[in-house]
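Q: Following this line is structure.txt, made up of compact mmCIF, C-alpha atoms:
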# COMPACT_ATOMS: atom_id res chain seq x y z
CA MET A 112 -13.29 5.16 -10.93
CA ASN A 113 -10.44 5.51 -8.47
CA ILE A 114 -7.94 2.69 -8.10
CA THR A 115 -6.24 2.02 -4.77
CA LEU A 116 -3.57 -0.42 -3.66
CA LEU A 117 -4.29 -1.13 0.01
CA THR A 118 -1.43 -2.75 1.91
CA VAL A 119 -0.94 -4.09 5.40
CA GLY A 120 2.14 -2.40 6.79
CA LYS A 121 4.29 0.42 5.54
CA THR A 122 6.77 0.06 2.71
CA ASP A 123 10.06 -0.06 4.60
CA VAL A 124 12.49 -1.15 1.90
CA PRO A 125 13.93 1.89 0.08
CA TRP A 126 14.20 0.31 -3.37
CA VAL A 127 10.63 -1.00 -3.09
CA ALA A 128 9.41 2.50 -2.22
CA GLU A 129 11.33 3.91 -5.20
CA GLY A 130 9.83 1.29 -7.54
CA MET A 131 6.35 1.95 -6.23
CA GLU A 132 6.77 5.68 -6.80
CA VAL A 133 7.90 5.11 -10.40
CA TYR A 134 4.80 3.08 -11.27
CA ALA A 135 2.38 5.12 -9.14
CA SER A 136 3.43 8.29 -10.96
CA ARG A 137 3.01 6.55 -14.34
CA LEU A 138 -0.41 5.19 -13.37
CA LYS A 139 -1.75 8.65 -12.59
CA HIS A 140 -1.67 9.37 -16.34
CA TYR A 141 -4.30 6.64 -16.86
CA ALA A 142 -6.57 6.74 -13.81
CA PRO A 143 -6.86 8.32 -10.37
CA PHE A 144 -4.55 6.11 -8.32
CA ALA A 145 -3.37 5.95 -4.70
CA VAL A 146 -1.50 3.66 -2.37
CA LYS A 147 -2.95 3.36 1.13
CA GLU A 148 -0.70 1.73 3.68
CA LEU A 149 -2.26 0.49 6.89
CA PRO A 150 -0.01 0.72 9.95
CA HIS A 151 1.97 -2.30 11.14
CA LEU A 152 0.44 -3.94 14.17
CA LYS A 153 2.40 -3.38 17.34
CA GLY A 154 3.01 -5.89 20.11
CA VAL A 155 2.11 -8.95 18.07
CA SER A 156 5.08 -11.15 18.96
CA SER A 157 3.00 -12.93 21.61
CA LEU A 158 0.04 -13.46 19.28
CA SER A 159 -0.67 -16.53 17.18
CA PRO A 160 -0.69 -16.23 13.39
CA ALA A 161 -4.51 -16.53 13.48
CA GLU A 162 -4.75 -13.62 15.94
CA VAL A 163 -2.43 -11.46 13.81
CA LYS A 164 -4.46 -12.27 10.70
CA SER A 165 -7.67 -11.42 12.53
CA ARG A 166 -6.38 -8.03 13.70
CA GLU A 167 -4.99 -7.16 10.28
CA SER A 168 -8.30 -8.14 8.74
CA GLU A 169 -10.14 -5.74 11.04
CA LEU A 170 -7.92 -2.92 9.76
CA ILE A 171 -8.51 -3.93 6.14
CA LEU A 172 -12.28 -4.10 6.56
CA LYS A 173 -12.37 -0.69 8.28
CA ALA A 174 -10.44 0.83 5.37
CA LEU A 175 -12.99 -0.36 2.80
CA ARG A 176 -16.22 1.37 1.86
CA PRO A 177 -19.36 -0.64 1.09
CA SER A 178 -19.32 0.56 -2.52
CA ASP A 179 -15.70 -0.50 -3.20
CA GLN A 180 -14.96 -3.35 -5.58
CA VAL A 181 -12.36 -5.34 -3.66
CA ILE A 182 -9.80 -7.63 -5.28
CA ILE A 183 -7.42 -9.43 -2.95
CA LEU A 184 -3.98 -10.53 -4.10
CA ASP A 185 -3.75 -14.12 -2.96
CA GLU A 186 -1.87 -17.21 -4.08
CA LYS A 187 -5.19 -19.05 -4.42
CA GLY A 188 -6.59 -16.42 -6.77
CA ARG A 189 -7.03 -16.46 -10.52
CA SER A 190 -3.86 -16.23 -12.58
CA PHE A 191 -3.71 -14.00 -15.64
CA ARG A 192 -1.33 -13.35 -18.47
CA SER A 193 -0.74 -9.60 -18.74
CA VAL A 194 -3.12 -9.22 -21.69
CA GLU A 195 -5.81 -11.14 -19.81
CA PHE A 196 -5.34 -8.94 -16.76
CA ALA A 197 -5.72 -5.86 -18.98
CA SER A 198 -9.01 -7.26 -20.27
CA PHE A 199 -10.13 -8.05 -16.70
CA LEU A 200 -9.32 -4.48 -15.65
CA GLU A 201 -11.13 -3.04 -18.67
CA GLY A 202 -14.21 -5.09 -17.80
CA LYS A 203 -14.18 -3.91 -14.20
CA MET A 204 -13.94 -0.29 -15.31
CA ALA A 205 -16.68 -0.66 -17.93
CA ARG A 206 -19.20 -2.43 -15.67
CA SER A 207 -18.96 -0.26 -12.58
CA SER A 208 -18.28 3.25 -11.40
CA SER A 209 -17.32 1.97 -7.95
CA ASP A 210 -13.76 2.43 -6.82
CA LEU A 211 -11.47 -0.54 -7.35
CA VAL A 212 -9.33 -1.56 -4.38
CA PHE A 213 -6.58 -4.16 -4.69
CA VAL A 214 -5.46 -5.51 -1.31
CA VAL A 215 -2.11 -6.96 -0.25
CA GLY A 216 -2.49 -8.75 3.07
CA GLY A 217 -0.02 -9.46 5.81
CA ALA A 218 2.37 -12.37 6.18
CA PHE A 219 -0.38 -14.75 7.29
CA GLY A 220 -2.84 -13.94 4.53
CA PHE A 221 -6.49 -12.97 4.77
CA SER A 222 -9.20 -13.93 7.23
CA ASP A 223 -12.44 -15.50 6.09
CA ALA A 224 -14.13 -12.13 6.72
CA VAL A 225 -11.88 -10.39 4.18
CA ARG A 226 -12.27 -13.25 1.72
CA SER A 227 -16.05 -12.94 2.07
CA ARG A 228 -15.88 -9.20 1.45
CA ALA A 229 -13.72 -9.60 -1.65
CA ASP A 230 -15.27 -9.38 -5.10
CA GLY A 231 -12.39 -11.37 -6.57
CA MET A 232 -8.96 -12.84 -5.99
CA ILE A 233 -5.89 -12.55 -8.19
CA SER A 234 -2.68 -14.53 -7.97
CA LEU A 235 0.45 -12.88 -9.30
CA SER A 236 2.28 -16.20 -9.43
CA PRO A 237 2.21 -19.68 -7.95
CA MET A 238 5.45 -18.62 -6.22
CA THR A 239 5.42 -16.71 -2.96
CA PHE A 240 6.85 -13.19 -2.92
CA SER A 241 7.57 -10.98 0.07
CA HIS A 242 4.75 -8.59 0.90
CA GLN A 243 7.13 -5.76 0.06
CA MET A 244 8.01 -7.06 -3.41
CA VAL A 245 4.39 -7.82 -4.31
CA ARG A 246 3.70 -4.09 -4.19
CA VAL A 247 6.15 -3.28 -6.98
CA ILE A 248 5.30 -6.36 -9.05
CA PHE A 249 1.59 -5.59 -8.90
CA LEU A 250 2.01 -1.90 -9.71
CA GLU A 251 4.13 -2.77 -12.72
CA GLN A 252 1.44 -5.16 -13.95
CA LEU A 253 -1.27 -2.57 -13.37
CA TYR A 254 0.73 -0.04 -15.37
CA ARG A 255 1.36 -2.66 -18.07
CA ALA A 256 -2.39 -3.36 -18.26
CA PHE A 257 -3.14 0.32 -18.88
CA THR A 258 -0.48 0.55 -21.58
CA ILE A 259 -1.95 -2.53 -23.26
CA LEU A 260 -5.43 -0.98 -23.16
CA GLY A 261 -4.04 2.28 -24.51
CA GLY A 262 -2.15 0.61 -27.33
CA HIS A 263 1.21 1.88 -26.09
CA PRO A 264 4.39 -0.02 -27.05
CA TYR A 265 5.44 -0.87 -23.45
CA HIS A 266 4.18 -4.46 -23.67
CA ASN A 267 5.69 -6.77 -26.30
CA GLU A 268 3.81 -9.84 -27.39
In structure tokens, what does this structure look like?
A:
Amino acid sequence: MNITLLTVGKTDVPWVAEGMEVYASRLKHYAPFAVKELPHLKGVSSLSPAEVKSRESELILKALRPSDQVIILDEKGRSFRSVEFASFLEGKMARSSSDLVFVVGGAFGFSDAVRSRADGMISLSPMTFSHQMVRVIFLEQLYRAFTILGGHPYHNE
């Protein structure tokens, strides 16, 4: 099973890119992992939020394969403690050989089409984070989940 973090837009904050690289390199010790960044939309200043969301959603859907298990990161999703997320991840890996794709949407969220395609939704917090910061926060939690599953002393509880 490959694991991918699919994001709308490039990572353009240097410290976010550095943090992502730290956790991405650590994750590769546990599972095949990649970050796939979809390009920023151009010329959207005249578009409504709904139109931007629709165009971003088209890009997301094109990037997914029919066999992918898709989990969107959304404030309306299920919240986990880190140990619960590790168990969730373990279950996904045990029940399927399909690739697991976690998706970070754009500033206006996901269209109904992406929500329909998703196999699940996860919320990182009831608070709202920038779409740049979510990348690092999620990768740290994904790494933490693997260390929990591996019995490594990274997580203290």
Q: Need the shell around A:Pro177: protein/DNA/RNA residues with any atom at most 10 Å away, counting all atoms listed in the file. Skip same-chain ones fewer than 5 positions apart. Format as a list in words?
A: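 After dropping sequence-adjacent residues, the list is Leu172, Ser209 and Arg228 of chain A.
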Q: Residues proximal to (3.2, -0.5, 13.7) were defined as those with any atom within 12 Å of that point in the file's coordinates, counting only C-alpha atoms. Which are they, as a ChimeraX atom specification?
A: /A:119-123,148-155,167
Q: Could you work out how far atom CA of A:Phe144 lies from atom CA of A:Leu211, giving the answer in Å with one decimal?
A: 9.6 Å
Q: Name the residues in contact with A:Ala224 at a cut-off of 10 Å, using only C-alpha atoms, excluding same-chain residues fewer than 4 positions from it; report them as number ranges by chain.
A: A: 165, 168-169, 171-172, 228-229
Q: Could you tell me which of A:Ser207, A:Thr118, A:Ser234, A:Ser159 comes closest to A:Phe191 if we count all atoms listed in the file?
A: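 Checking each candidate against A:Phe191, we get A:Ser234 as the closest.
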Q: Mind pulling up the distance from atom CA of A:Arg137 to atom CA of A:Ser193?
A: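 The value is 17.2 Å.
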Q: Counting all atoms listed in the file, which residue out of A:Phe219, A:Ile233, A:Phe199, A:Ala145 sits closest to A:Phe249?
A: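 Counting all atoms listed in the file, the residue closest to A:Phe249 is A:Ile233.
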Q: Suppose you want the space between atom CA of A:Lys187 and atom CA of A:Leu253; what is it in Å?
A: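 According to the coordinates, atom CA of A:Lys187 and atom CA of A:Leu253 are separated by 19.2 Å.
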